>>> print(open('coords_33.pdb').read())   # PDB, C-alpha atoms
ATOM      1  CA  MET W   1    -129.367 -88.267-191.940
ATOM      2  CA  ILE W   2    -126.248 -86.166-191.412
ATOM      3  CA  ASP W   3    -124.210 -89.384-191.679
ATOM      4  CA  ILE W   4    -125.578 -90.054-195.142
ATOM      5  CA  VAL W   5    -124.748 -86.543-196.329
ATOM      6  CA  ILE W   6    -121.184 -86.825-194.972
ATOM      7  CA  ASN W   7    -120.776 -90.291-196.485
ATOM      8  CA  ILE W   8    -121.945 -89.162-199.918
ATOM      9  CA  THR W   9    -119.737 -86.074-199.800
ATOM     10  CA  LEU W  10    -116.657 -88.066-198.769
ATOM     11  CA  LEU W  11    -117.309 -90.769-201.369
ATOM     12  CA  ALA W  12    -117.775 -88.125-204.080
ATOM     13  CA  PHE W  13    -114.470 -86.539-203.088
ATOM     14  CA  LEU W  14    -112.822 -89.989-203.145
ATOM     15  CA  ALA W  15    -114.088 -90.567-206.688
ATOM     16  CA  ILE W  16    -112.957 -87.111-207.827
ATOM     17  CA  THR W  17    -109.517 -87.660-206.264
ATOM     18  CA  SER W  18    -109.028 -91.041-207.927
ATOM     19  CA  VAL W  19    -110.040 -89.698-211.347
ATOM     20  CA  ALA W  20    -107.665 -86.773-210.857
ATOM     21  CA  ILE W  21    -104.841 -89.191-209.938
ATOM     22  CA  LEU W  22    -105.515 -91.206-213.096
ATOM     23  CA  ARG W  23    -105.409 -88.180-215.363
ATOM     24  CA  MET W  24    -102.318 -86.478-213.944
ATOM     25  CA  THR W  25     -98.702 -86.851-215.039
ATOM     26  CA  ASN W  26     -97.083 -84.662-212.383
ATOM     27  CA  LEU W  27     -95.847 -87.218-209.857
ATOM     28  CA  PHE W  28     -95.516 -84.685-207.042
ATOM     29  CA  ALA W  29     -99.183 -83.725-207.356
ATOM     30  CA  ILE W  30    -100.141 -87.410-207.530
ATOM     31  CA  VAL W  31     -98.321 -88.128-204.250
ATOM     32  CA  MET W  32    -100.151 -85.228-202.597
ATOM     33  CA  LEU W  33    -103.469 -86.547-203.927
ATOM     34  CA  TYR W  34    -102.650 -89.999-202.503
ATOM     35  CA  GLY W  35    -102.319 -88.342-199.110
ATOM     36  CA  ILE W  36    -105.663 -86.591-199.579
ATOM     37  CA  PHE W  37    -107.229 -89.908-200.647
ATOM     38  CA  SER W  38    -106.015 -91.560-197.433
ATOM     39  CA  LEU W  39    -107.270 -88.679-195.323
ATOM     40  CA  LEU W  40    -110.710 -88.903-196.947
ATOM     41  CA  SER W  41    -110.771 -92.661-196.284
ATOM     42  CA  ALA W  42    -109.865 -91.952-192.664
ATOM     43  CA  GLY W  43    -112.809 -89.565-192.499
ATOM     44  CA  LEU W  44    -115.088 -92.282-193.862
ATOM     45  CA  PHE W  45    -113.839 -94.720-191.198
ATOM     46  CA  VAL W  46    -114.620 -92.169-188.485
ATOM     47  CA  VAL W  47    -118.165 -91.781-189.805
ATOM     48  CA  MET W  48    -118.467 -95.589-189.755
ATOM     49  CA  ASP W  49    -117.474 -95.607-186.045
ATOM     50  CA  ALA W  50    -114.070 -97.227-186.538
ATOM     51  CA  PRO W  51    -111.710 -94.654-184.956
ATOM     52  CA  ASP W  52    -108.885 -97.176-184.512
ATOM     53  CA  VAL W  53    -108.804 -97.946-188.221
ATOM     54  CA  ALA W  54    -109.169 -94.262-189.072
ATOM     55  CA  PHE W  55    -106.238 -93.483-186.810
ATOM     56  CA  THR W  56    -104.039 -96.008-188.580
ATOM     57  CA  GLU W  57    -105.157 -94.847-192.012
ATOM     58  CA  ALA W  58    -104.457 -91.203-191.207
ATOM     59  CA  ALA W  59    -101.063 -91.921-189.636
ATOM     60  CA  VAL W  60     -99.787 -94.540-192.073
ATOM     61  CA  GLY W  61    -101.663 -93.745-195.281
ATOM     62  CA  ALA W  62    -101.672 -89.975-195.165
ATOM     63  CA  GLY W  63     -98.511 -89.490-193.114
ATOM     64  CA  ILE W  64     -95.745 -92.045-193.514
ATOM     65  CA  SER W  65     -96.596 -93.238-197.032
ATOM     66  CA  THR W  66     -96.599 -89.677-198.332
ATOM     67  CA  VAL W  67     -93.214 -88.980-196.766
ATOM     68  CA  LEU W  68     -91.751 -92.219-198.145
ATOM     69  CA  MET W  69     -93.118 -91.481-201.614
ATOM     70  CA  LEU W  70     -91.693 -87.957-201.465
ATOM     71  CA  ALA W  71     -88.335 -89.405-200.433
ATOM     72  CA  THR W  72     -88.516 -91.726-203.428
ATOM     73  CA  LEU W  73     -89.604 -88.858-205.633
ATOM     74  CA  ALA W  74     -86.462 -86.952-204.670
ATOM     75  CA  LEU W  75     -84.485 -89.733-206.394
ATOM     76  CA  VAL W  76     -86.523 -89.874-209.603
ATOM     77  CA  LYS W  77     -87.934 -87.342-211.999
ATOM     78  CA  ARG W  78     -91.047 -85.397-211.114
ATOM     79  CA  ARG W  79     -92.904 -86.033-214.344
ATOM     80  CA  GLN W  80     -94.186 -89.324-215.601
ATOM     81  CA  LYS W  81     -92.712 -90.388-218.915
ATOM     82  CA  PRO W  82     -95.285 -90.340-221.691
ATOM     83  CA  TYR W  83     -96.646 -93.806-222.231
ATOM     84  CA  TYR W  84     -96.033 -93.740-225.958
ATOM     85  CA  ASP W  85     -92.845 -92.529-227.568
ATOM     86  CA  GLU W  86     -94.716 -91.458-230.686
ATOM     87  CA  ALA W  87     -98.307 -90.608-231.278
ATOM     88  CA  PRO W  88    -100.553 -93.307-229.780
ATOM     89  CA  ARG W  89    -101.627 -95.991-232.186
ATOM     90  CA  ALA W  90    -105.290 -96.040-232.957
ATOM     91  CA  HIS W  91    -106.909 -98.806-230.909
ATOM     92  CA  ARG W  92    -110.469 -99.897-230.398
ATOM     93  CA  PRO W  93    -111.774 -98.516-227.126
ATOM     94  CA  TRP W  94    -114.844-100.789-227.019
ATOM     95  CA  LEU W  95    -113.071-103.938-225.766
ATOM     96  CA  PRO W  96    -111.763-102.407-222.515
ATOM     97  CA  LEU W  97    -115.104-100.628-222.140
ATOM     98  CA  VAL W  98    -116.963-103.947-222.300
ATOM     99  CA  VAL W  99    -114.574-105.550-219.796
ATOM    100  CA  VAL W 100    -114.978-102.647-217.387
ATOM    101  CA  ALA W 101    -118.759-102.637-217.768
ATOM    102  CA  VAL W 102    -119.062-106.403-217.188
ATOM    103  CA  THR W 103    -116.740-106.338-214.144
ATOM    104  CA  GLY W 104    -118.526-103.320-212.728
ATOM    105  CA  SER W 105    -121.983-104.814-213.103
ATOM    106  CA  ALA W 106    -120.770-108.094-211.552
ATOM    107  CA  LEU W 107    -119.466-106.164-208.555
ATOM    108  CA  VAL W 108    -122.703-104.166-208.238
ATOM    109  CA  TYR W 109    -124.672-107.428-208.495
ATOM    110  CA  GLY W 110    -122.489-108.827-205.713
ATOM    111  CA  THR W 111    -123.263-105.932-203.386
ATOM    112  CA  TRP W 112    -126.986-106.761-203.468
ATOM    113  CA  ASP W 113    -126.396-109.752-201.194
ATOM    114  CA  ILE W 114    -124.230-107.853-198.697
ATOM    115  CA  PRO W 115    -126.141-107.260-195.461
ATOM    116  CA  GLY W 116    -126.843-103.654-194.560
ATOM    117  CA  PHE W 117    -124.263-101.640-192.598
ATOM    118  CA  GLY W 118    -124.466-102.684-188.942
ATOM    119  CA  ALA W 119    -127.297-105.153-189.589
ATOM    120  CA  PRO W 120    -127.700-107.380-186.496
ATOM    121  CA  GLY W 121    -128.014-110.546-188.611
ATOM    122  CA  ALA W 122    -124.814-109.969-190.553
ATOM    123  CA  PRO W 123    -122.209-112.750-190.271
ATOM    124  CA  ALA W 124    -119.677-110.251-188.906
ATOM    125  CA  GLN W 125    -121.979-109.588-185.946
ATOM    126  CA  THR W 126    -123.101-113.156-185.207
ATOM    127  CA  HIS W 127    -119.792-115.029-185.193
ATOM    128  CA  VAL W 128    -117.282-114.076-182.460
ATOM    129  CA  ALA W 129    -118.086-110.371-182.156
ATOM    130  CA  ARG W 130    -120.854-111.112-179.675
ATOM    131  CA  TYR W 131    -118.473-113.094-177.457
ATOM    132  CA  TYR W 132    -115.908-110.273-177.494
ATOM    133  CA  ILE W 133    -118.497-107.607-176.694
ATOM    134  CA  GLU W 134    -119.858-109.620-173.774
ATOM    135  CA  HIS W 135    -116.578-110.926-172.341
ATOM    136  CA  ALA W 136    -113.911-108.315-173.146
ATOM    137  CA  MET W 137    -114.623-106.148-170.099
ATOM    138  CA  PRO W 138    -114.858-108.931-167.462
ATOM    139  CA  ASP W 139    -111.972-110.895-169.053
ATOM    140  CA  THR W 140    -109.424-108.134-169.531
ATOM    141  CA  GLY W 141    -110.762-104.983-167.839
ATOM    142  CA  VAL W 142    -109.925-102.990-170.975
ATOM    143  CA  PRO W 143    -112.756-100.711-172.149
ATOM    144  CA  ASN W 144    -111.496-100.503-175.731
ATOM    145  CA  ILE W 145    -112.567-103.833-177.213
ATOM    146  CA  VAL W 146    -110.322-103.323-180.241
ATOM    147  CA  THR W 147    -107.261-103.232-177.996
ATOM    148  CA  ALA W 148    -108.508-106.225-175.991
ATOM    149  CA  VAL W 149    -108.974-108.294-179.161
ATOM    150  CA  LEU W 150    -105.746-107.096-180.756
ATOM    151  CA  ALA W 151    -103.416-107.541-177.813
ATOM    152  CA  SER W 152    -105.047-110.284-175.764
ATOM    153  CA  TYR W 153    -107.512-112.523-177.609
ATOM    154  CA  ARG W 154    -105.569-112.322-180.857
ATOM    155  CA  GLY W 155    -102.115-111.895-179.353
ATOM    156  CA  PHE W 156    -100.605-114.453-181.716
ATOM    157  CA  ASP W 157    -101.809-112.536-184.774
ATOM    158  CA  THR W 158    -100.377-109.286-183.484
ATOM    159  CA  LEU W 159     -97.055-110.968-182.711
ATOM    160  CA  GLY W 160     -97.030-112.090-186.340
ATOM    161  CA  GLU W 161     -97.815-108.572-187.528
ATOM    162  CA  VAL W 162     -94.995-107.067-185.497
ATOM    163  CA  THR W 163     -92.653-109.687-186.902
ATOM    164  CA  VAL W 164     -93.802-108.780-190.418
ATOM    165  CA  ILE W 165     -92.995-105.093-189.812
ATOM    166  CA  PHE W 166     -89.617-106.056-188.352
ATOM    167  CA  THR W 167     -88.940-108.271-191.375
ATOM    168  CA  ALA W 168     -89.885-105.432-193.725
ATOM    169  CA  ALA W 169     -87.397-103.134-192.003
ATOM    170  CA  VAL W 170     -84.689-105.804-192.227
ATOM    171  CA  ALA W 171     -85.455-106.383-195.899
ATOM    172  CA  VAL W 172     -85.239-102.662-196.724
ATOM    173  CA  LEU W 173     -81.957-102.441-194.809
ATOM    174  CA  LEU W 174     -80.556-105.386-196.732
ATOM    175  CA  LEU W 175     -81.694-104.050-200.106
ATOM    176  CA  ILE W 176     -80.952-100.317-199.945
ATOM    177  CA  GLY W 177     -79.775 -99.654-196.400
ATOM    178  CA  GLY W 178     -76.008 -99.810-196.430
ATOM    179  CA  LYS W 179     -73.563 -97.374-197.951
ATOM    180  CA  ARG W 180     -73.274 -97.628-201.684
ATOM    181  CA  PRO W 181     -70.128 -99.316-202.954
ATOM    182  CA  LYS W 182     -67.655 -96.881-204.503
ATOM    183  CA  ALA W 183     -68.011 -96.579-208.228
ATOM    184  CA  THR W 184     -64.300 -96.938-208.929
ATOM    185  CA  VAL W 185     -62.778-100.371-208.505
ATOM    186  CA  LYS W 186     -59.588-100.326-206.463
ATOM    187  CA  THR W 187     -56.819-102.827-206.621
ATOM    188  CA  LYS W 188     -55.743-104.481-203.384
ATOM    189  CA  ASP W 189     -52.637-102.382-202.924
ATOM    190  CA  GLU W 190     -54.399 -99.084-203.391
ATOM    191  CA  GLY W 191     -57.031-100.129-200.860
ATOM    192  CA  LYS W 192     -54.325-100.926-198.298
ATOM    193  CA  GLN W 193     -52.650 -97.590-198.867
ATOM    194  CA  ASP W 194     -55.935 -95.802-198.336
ATOM    195  CA  GLU W 195     -56.516 -97.597-195.068
ATOM    196  CA  ALA W 196     -53.042 -96.787-193.845
TER     197      ALA W 196
ATOM    198  CA  MET A   1     -79.524 -76.589-196.480
ATOM    199  CA  ARG A   2     -80.409 -72.914-196.159
ATOM    200  CA  PRO A   3     -81.652 -72.119-192.644
ATOM    201  CA  ASN A   4     -85.339 -71.325-192.635
ATOM    202  CA  LEU A   5     -86.257 -69.498-189.446
ATOM    203  CA  ILE A   6     -90.031 -69.993-189.560
ATOM    204  CA  LEU A   7     -89.731 -73.740-190.221
ATOM    205  CA  HIS A   8     -87.167 -74.148-187.438
ATOM    206  CA  VAL A   9     -89.215 -72.302-184.821
ATOM    207  CA  ILE A  10     -92.472 -74.047-185.670
ATOM    208  CA  ALA A  11     -90.845 -77.487-185.862
ATOM    209  CA  LYS A  12     -89.233 -77.013-182.457
ATOM    210  CA  PHE A  13     -92.627 -76.047-181.084
ATOM    211  CA  VAL A  14     -94.547 -78.904-182.712
ATOM    212  CA  ILE A  15     -92.135 -81.828-182.242
ATOM    213  CA  PRO A  16     -92.553 -82.131-178.437
ATOM    214  CA  LEU A  17     -96.323 -82.015-178.876
ATOM    215  CA  ILE A  18     -96.187 -84.830-181.446
ATOM    216  CA  ILE A  19     -94.069 -86.971-179.112
ATOM    217  CA  LEU A  20     -96.408 -86.241-176.206
ATOM    218  CA  PHE A  21     -99.405 -87.189-178.320
ATOM    219  CA  ALA A  22     -97.684 -90.397-179.414
ATOM    220  CA  LEU A  23     -97.085 -91.344-175.785
ATOM    221  CA  TYR A  24    -100.721 -90.543-174.995
ATOM    222  CA  VAL A  25    -101.923 -92.759-177.837
ATOM    223  CA  GLN A  26     -99.515 -95.486-176.713
ATOM    224  CA  PHE A  27    -100.521 -95.636-173.062
ATOM    225  CA  HIS A  28    -104.132 -94.575-173.425
ATOM    226  CA  GLY A  29    -104.821 -97.227-176.068
ATOM    227  CA  ASP A  30    -106.618 -99.365-173.488
ATOM    228  CA  PHE A  31    -109.276 -96.716-172.990
ATOM    229  CA  GLY A  32    -109.523 -94.775-176.211
ATOM    230  CA  PRO A  33    -108.721 -95.382-179.857
ATOM    231  CA  GLY A  34    -105.078 -96.066-180.500
ATOM    232  CA  GLY A  35    -102.405 -98.496-179.483
ATOM    233  CA  GLY A  36     -98.905 -99.524-180.323
ATOM    234  CA  PHE A  37     -99.164 -99.354-184.101
ATOM    235  CA  GLN A  38    -100.589 -95.846-184.257
ATOM    236  CA  ALA A  39     -98.370 -94.566-181.460
ATOM    237  CA  GLY A  40     -95.249 -95.954-183.110
ATOM    238  CA  VAL A  41     -96.077 -94.268-186.395
ATOM    239  CA  ILE A  42     -96.855 -90.928-184.727
ATOM    240  CA  PHE A  43     -93.659 -91.157-182.676
ATOM    241  CA  SER A  44     -91.600 -91.720-185.813
ATOM    242  CA  THR A  45     -93.224 -88.765-187.598
ATOM    243  CA  ALA A  46     -91.773 -86.448-184.950
ATOM    244  CA  PHE A  47     -88.262 -87.535-185.919
ATOM    245  CA  ILE A  48     -89.104 -87.487-189.619
ATOM    246  CA  LEU A  49     -90.290 -83.883-189.262
ATOM    247  CA  TYR A  50     -87.054 -83.097-187.447
ATOM    248  CA  SER A  51     -84.933 -84.576-190.201
ATOM    249  CA  LEU A  52     -86.977 -82.843-192.918
ATOM    250  CA  VAL A  53     -86.433 -79.456-191.277
ATOM    251  CA  PHE A  54     -82.933 -79.795-189.822
ATOM    252  CA  GLY A  55     -81.394 -82.207-192.289
ATOM    253  CA  LEU A  56     -80.765 -85.919-192.338
ATOM    254  CA  ASP A  57     -77.271 -85.783-190.855
ATOM    255  CA  THR A  58     -78.419 -83.904-187.756
ATOM    256  CA  ALA A  59     -81.240 -86.372-187.250
ATOM    257  CA  GLU A  60     -78.900 -89.333-187.561
ATOM    258  CA  LYS A  61     -76.745 -87.840-184.818
ATOM    259  CA  ILE A  62     -79.753 -87.890-182.465
ATOM    260  CA  ILE A  63     -80.775 -91.452-183.287
ATOM    261  CA  PRO A  64     -77.869 -93.380-184.795
ATOM    262  CA  ALA A  65     -78.760 -96.094-187.280
ATOM    263  CA  HIS A  66     -77.439 -98.956-185.151
ATOM    264  CA  TRP A  67     -79.707 -97.852-182.287
ATOM    265  CA  LEU A  68     -82.695 -98.079-184.577
ATOM    266  CA  ARG A  69     -81.753-101.631-185.554
ATOM    267  CA  ILE A  70     -81.438-102.629-181.914
ATOM    268  CA  LEU A  71     -84.759-100.969-181.050
ATOM    269  CA  ALA A  72     -86.609-102.631-183.930
ATOM    270  CA  ALA A  73     -85.457-106.017-182.683
ATOM    271  CA  LEU A  74     -86.064-105.063-179.043
ATOM    272  CA  GLY A  75     -89.787-104.536-179.621
ATOM    273  CA  VAL A  76     -90.233-108.030-181.033
ATOM    274  CA  VAL A  77     -88.140-109.417-178.175
ATOM    275  CA  ILE A  78     -90.363-107.677-175.600
ATOM    276  CA  TYR A  79     -93.487-109.077-177.250
ATOM    277  CA  ALA A  80     -92.167-112.617-177.552
ATOM    278  CA  GLY A  81     -90.603-112.316-174.097
ATOM    279  CA  VAL A  82     -94.007-111.614-172.549
ATOM    280  CA  GLY A  83     -95.177-114.852-174.139
ATOM    281  CA  ILE A  84     -92.233-116.781-172.697
ATOM    282  CA  GLU A  85     -92.756-115.125-169.313
ATOM    283  CA  SER A  86     -96.326-116.401-169.239
ATOM    284  CA  LEU A  87     -95.031-119.846-170.238
ATOM    285  CA  LEU A  88     -92.582-119.778-167.316
ATOM    286  CA  LEU A  89     -95.378-118.797-164.951
ATOM    287  CA  GLY A  90     -97.204-121.952-165.965
ATOM    288  CA  GLY A  91     -99.760-120.551-168.395
ATOM    289  CA  ASN A  92    -100.131-120.790-172.144
ATOM    290  CA  TYR A  93     -98.005-118.722-174.521
ATOM    291  CA  LEU A  94     -99.182-115.074-174.438
ATOM    292  CA  ASP A  95    -101.753-115.861-171.748
ATOM    293  CA  TYR A  96    -101.261-112.846-169.474
ATOM    294  CA  THR A  97    -103.606-114.010-166.722
ATOM    295  CA  LEU A  98    -100.869-115.306-164.426
ATOM    296  CA  MET A  99     -98.677-112.204-164.715
ATOM    297  CA  GLY A 100    -100.627-110.246-162.103
ATOM    298  CA  SER A 101    -102.250-110.874-158.757
ATOM    299  CA  ASN A 102    -105.610-111.455-160.443
ATOM    300  CA  GLN A 103    -106.816-111.902-163.995
ATOM    301  CA  ILE A 104    -107.579-108.222-164.672
ATOM    302  CA  ALA A 105    -104.202-107.050-163.336
ATOM    303  CA  GLY A 106    -102.381-109.727-165.324
ATOM    304  CA  GLN A 107    -104.190-108.879-168.555
ATOM    305  CA  HIS A 108    -103.550-105.184-167.988
ATOM    306  CA  LEU A 109     -99.816-105.654-167.489
ATOM    307  CA  GLY A 110     -99.567-108.059-170.414
ATOM    308  CA  ILE A 111    -101.426-105.792-172.820
ATOM    309  CA  LEU A 112     -99.360-102.781-171.728
ATOM    310  CA  LEU A 113     -96.056-104.590-172.299
ATOM    311  CA  VAL A 114     -97.147-106.104-175.586
ATOM    312  CA  GLU A 115     -98.337-102.737-176.903
ATOM    313  CA  LEU A 116     -95.036-101.205-175.795
ATOM    314  CA  GLY A 117     -93.195-103.816-177.834
ATOM    315  CA  VAL A 118     -95.388-103.102-180.847
ATOM    316  CA  GLY A 119     -94.825 -99.350-180.497
ATOM    317  CA  ILE A 120     -91.038 -99.633-180.240
ATOM    318  CA  THR A 121     -90.749-101.920-183.250
ATOM    319  CA  VAL A 122     -93.116 -99.878-185.422
ATOM    320  CA  ALA A 123     -91.432 -96.558-184.577
ATOM    321  CA  ALA A 124     -87.943 -97.959-185.223
ATOM    322  CA  ALA A 125     -89.023 -99.746-188.409
ATOM    323  CA  MET A 126     -90.647 -96.593-189.829
ATOM    324  CA  LEU A 127     -87.513 -94.565-189.111
ATOM    325  CA  ILE A 128     -85.340 -97.272-190.683
ATOM    326  CA  LEU A 129     -87.519 -97.158-193.802
ATOM    327  CA  PHE A 130     -87.388 -93.361-193.937
ATOM    328  CA  PHE A 131     -83.631 -93.110-193.442
ATOM    329  CA  ALA A 132     -83.024 -95.864-195.972
ATOM    330  CA  PHE A 133     -85.105 -94.102-198.625
ATOM    331  CA  ALA A 134     -84.093 -90.542-197.828
ATOM    332  CA  GLY A 135     -80.412 -91.376-197.386
ATOM    333  CA  ARG A 136     -80.305 -93.005-200.802
ATOM    334  CA  GLY A 137     -79.785 -89.748-202.676
ATOM    335  CA  ARG A 138     -76.668 -88.722-200.810
ATOM    336  CA  GLU A 139     -73.118 -89.162-202.149
TER     337      GLU A 139
END
>>> encode(input="coords_33.pdb", output="structure tokens")
Amino acid sequence: MIDIVINITLLAFLAITSVAILRMTNLFAIVMLYGIFSLLSAGLFVVMDAPDVAFTEAAVGAGISTVLMLATLALVKRRQKPYYDEAPRAHRPWLPLVVVAVTGSALVYGTWDIPGFGAPGAPAQTHVARYYIEHAMPDTGVPNIVTAVLASYRGFDTLGEVTVIFTAAVAVLLLIGGKRPKATVKTKDEGKQDEA
Amino acid sequence: MRPNLILHVIAKFVIPLIILFALYVQFHGDFGPGGGFQAGVIFSTAFILYSLVFGLDTAEKIIPAHWLRILAALGVVIYAGVGIESLLLGGNYLDYTLMGSNQIAGQHLGILLVELGVGITVAAAMLILFFAFAGRGRE
């Protein structure tokens, strides 16, 4: 019962936050709201008994992403440019409304076939999860099944993930890492004199 | 940057706690929630907090950029090296069973080393990202 109340409260806050993000033009406030959005999602994951995911969401989504966005924000202006230079042209709002309504109802229709949360017959529970739950402790001696799956059973995947993070760091270094080239172009002789 | 006494005192108090918590998450990941990814991110936030409070130049003196590059690569090397080690011991790639006296000990050692590699790479990569973005505005 208390779970349902917490879930509904968190989901309501998520919806309010996303609407607020959509309607704002102050980029600083939007970045802060992104952080709040991530923190609320982390809370939802905790309620759904996924502390490992919640941990990652809180650390990466609410922590690092916010800092990186703030660092980017320091380089750009704090206010979003208005979308239109002049007064917005009159357009028919019913076409996007229909598209949104159709997509939304298709998604809602799709959720009817999703098995209930934690249902024992759900495909997520019947495939390999059962094997992991039964064998993780005798196989690896690690009580946290998530760690056992991540580091041992699915070691190849995690190696790939680490390589992806490493590649991302290398790519950022290559793109914006080094010192900026000087704005003024020097001739060869001047450059030599400077070095000497 | 204008010195801000309250920020400095609180940051100096909080940063060791963050690092301690990161190490706890790193090495307690077998038993509780957490692991290399989370620990690496938390570890890097300690240094990010430091550079936000004390300035980017001071932070870069503590952890020079070339160190970060070496560390980011080192984590991947540790991870892949564990795989090669298990190959040399006669097992499959990343099969930790043969690394210890019995299966449990081998798995334990393997998981610990692999998570350490993940943590080092993630922490270094996050700091590289932060310094790259934050250092962009200077000069």
>>> resolve_selection(input="coords_33.pdb", expression="the ChimeraX specification (/A :<8) & /W", output="MDAnalysis selection string")
chainID W and resid 51:52 55:56 59:60 63:64 67:68 71:72 74:75 138:144 147:148 151:152 155:156 159 162:163 165:166 168:169 172:173 176:177
>>> residues_around(input="coords_33.pdb", residues="Pro3 in chain A", least_positions_apart="5", cutoff="10 Å", atoms="all atoms listed in the file", output="list in words")
His8, Val53 and Phe54 of chain A
>>> closest_residue(input="coords_33.pdb", among="W:Ala62, W:Leu150, W:Met48, W:Ile6", to="Leu33 in chain W", atoms="all atoms listed in the file")
W:Ala62
>>> atom_distance(input="coords_33.pdb", atom1="CA of Gly160 in chain W", atom2="CA of Ile78 in chain A")
13.4 Å
>>> resolve_selection(input="coords_33.pdb", expression="the PyMOL selection byres ((chain W and resi 30) around 12)", output="PyMOL selection string")
chain W and resi 17-29+31-37+66+69-70+73+78-80
>>> residues_around(input="coords_33.pdb", residues="Phe43 in chain A", least_positions_apart="4", cutoff="9 Å", atoms="only C-alpha atoms", output="JSON, numbers by chain")
{"A": [18, 19, 20, 21, 22, 23, 38, 39, 47, 119, 123]}
>>> atom_distance(input="coords_33.pdb", atom1="CA of Val82 in chain A", atom2="CA of Thr158 in chain W")
12.9 Å
>>> closest_residue(input="coords_33.pdb", among="W:Val164, W:Leu14, W:Ile133, W:Val170", to="Val149 in chain W", atoms="only C-alpha atoms")
W:Ile133
>>> atom_distance(input="coords_33.pdb", atom1="CA of Val5 in chain W", atom2="CA of Ser38 in chain W")
19.4 Å
>>> residues_near_point(input="coords_33.pdb", point="(-85.5, -87.8, -185.9)", cutoff="7 Å", atoms="all atoms listed in the file", output="list in words")
Ala46, Phe47, Ile48, Tyr50, Ser51, Ala59, Glu60, Ile62 and Ile63 of chain A
>>> residues_around(input="coords_33.pdb", residues="Asn7 in chain W", least_positions_apart="2", cutoff="10 Å", atoms="only C-alpha atoms", output="mmCIF file with C-alpha atoms, keeping the file's coordinate frame")
data_model
loop_
_atom_site.group_PDB
_atom_site.id
_atom_site.type_symbol
_atom_site.label_atom_id
_atom_site.label_comp_id
_atom_site.auth_asym_id
_atom_site.auth_seq_id
_atom_site.Cartn_x
_atom_site.Cartn_y
_atom_site.Cartn_z
ATOM 1 C CA MET W 1 -129.367 -88.267 -191.940
ATOM 2 C CA ILE W 2 -126.248 -86.166 -191.412
ATOM 3 C CA ASP W 3 -124.210 -89.384 -191.679
ATOM 4 C CA ILE W 4 -125.578 -90.054 -195.142
ATOM 5 C CA VAL W 5 -124.748 -86.543 -196.329
ATOM 6 C CA THR W 9 -119.737 -86.074 -199.800
ATOM 7 C CA LEU W 10 -116.657 -88.066 -198.769
ATOM 8 C CA LEU W 11 -117.309 -90.769 -201.369
ATOM 9 C CA ALA W 12 -117.775 -88.125 -204.080
ATOM 10 C CA PHE W 13 -114.470 -86.539 -203.088
ATOM 11 C CA GLY W 43 -112.809 -89.565 -192.499
ATOM 12 C CA LEU W 44 -115.088 -92.282 -193.862
ATOM 13 C CA PHE W 45 -113.839 -94.720 -191.198
ATOM 14 C CA VAL W 47 -118.165 -91.781 -189.805
ATOM 15 C CA MET W 48 -118.467 -95.589 -189.755
#
>>> decode(input="coords_33.pdb", residues="range 90-101 of chain W", atoms="N, CA and C atoms", output="PDB file, in the first residue's frame")
ATOM      1  N   ALA W  90       0.672  31.869 -37.246  1.00  0.00           N
ATOM      2  CA  ALA W  90      -0.491  31.082 -36.826  1.00  0.00           C
ATOM      3  C   ALA W  90      -0.417  29.704 -37.477  1.00  0.00           C
ATOM      4  N   HIS W  91      -0.487  28.646 -36.688  1.00  0.00           N
ATOM      5  CA  HIS W  91      -0.486  27.304 -37.260  1.00  0.00           C
ATOM      6  C   HIS W  91      -1.600  26.502 -36.603  1.00  0.00           C
ATOM      7  N   ARG W  92      -1.982  25.441 -37.309  1.00  0.00           N
ATOM      8  CA  ARG W  92      -3.105  24.648 -36.801  1.00  0.00           C
ATOM      9  C   ARG W  92      -2.604  23.705 -35.720  1.00  0.00           C
ATOM     10  N   PRO W  93      -3.107  23.826 -34.513  1.00  0.00           N
ATOM     11  CA  PRO W  93      -2.627  22.943 -33.457  1.00  0.00           C
ATOM     12  C   PRO W  93      -3.230  21.542 -33.504  1.00  0.00           C
ATOM     13  N   TRP W  94      -4.222  21.293 -34.377  1.00  0.00           N
ATOM     14  CA  TRP W  94      -4.921  19.996 -34.267  1.00  0.00           C
ATOM     15  C   TRP W  94      -4.097  18.859 -34.829  1.00  0.00           C
ATOM     16  N   LEU W  95      -3.215  19.128 -35.819  1.00  0.00           N
ATOM     17  CA  LEU W  95      -2.435  18.019 -36.397  1.00  0.00           C
ATOM     18  C   LEU W  95      -1.470  17.412 -35.375  1.00  0.00           C
ATOM     19  N   PRO W  96      -0.625  18.231 -34.711  1.00  0.00           N
ATOM     20  CA  PRO W  96       0.221  17.628 -33.673  1.00  0.00           C
ATOM     21  C   PRO W  96      -0.595  16.983 -32.561  1.00  0.00           C
ATOM     22  N   LEU W  97      -1.745  17.574 -32.245  1.00  0.00           N
ATOM     23  CA  LEU W  97      -2.586  17.006 -31.183  1.00  0.00           C
ATOM     24  C   LEU W  97      -3.034  15.601 -31.555  1.00  0.00           C
ATOM     25  N   VAL W  98      -3.447  15.430 -32.834  1.00  0.00           N
ATOM     26  CA  VAL W  98      -3.890  14.105 -33.277  1.00  0.00           C
ATOM     27  C   VAL W  98      -2.737  13.114 -33.209  1.00  0.00           C
ATOM     28  N   VAL W  99      -1.547  13.543 -33.685  1.00  0.00           N
ATOM     29  CA  VAL W  99      -0.387  12.647 -33.665  1.00  0.00           C
ATOM     30  C   VAL W  99      -0.076  12.204 -32.242  1.00  0.00           C
ATOM     31  N   VAL W 100      -0.067  13.185 -31.320  1.00  0.00           N
ATOM     32  CA  VAL W 100       0.237  12.866 -29.930  1.00  0.00           C
ATOM     33  C   VAL W 100      -0.817  11.923 -29.349  1.00  0.00           C
ATOM     34  N   ALA W 101      -2.075  12.193 -29.654  1.00  0.00           N
ATOM     35  CA  ALA W 101      -3.155  11.361 -29.105  1.00  0.00           C
ATOM     36  C   ALA W 101      -3.055   9.933 -29.622  1.00  0.00           C
TER      37      ALA W 101
END
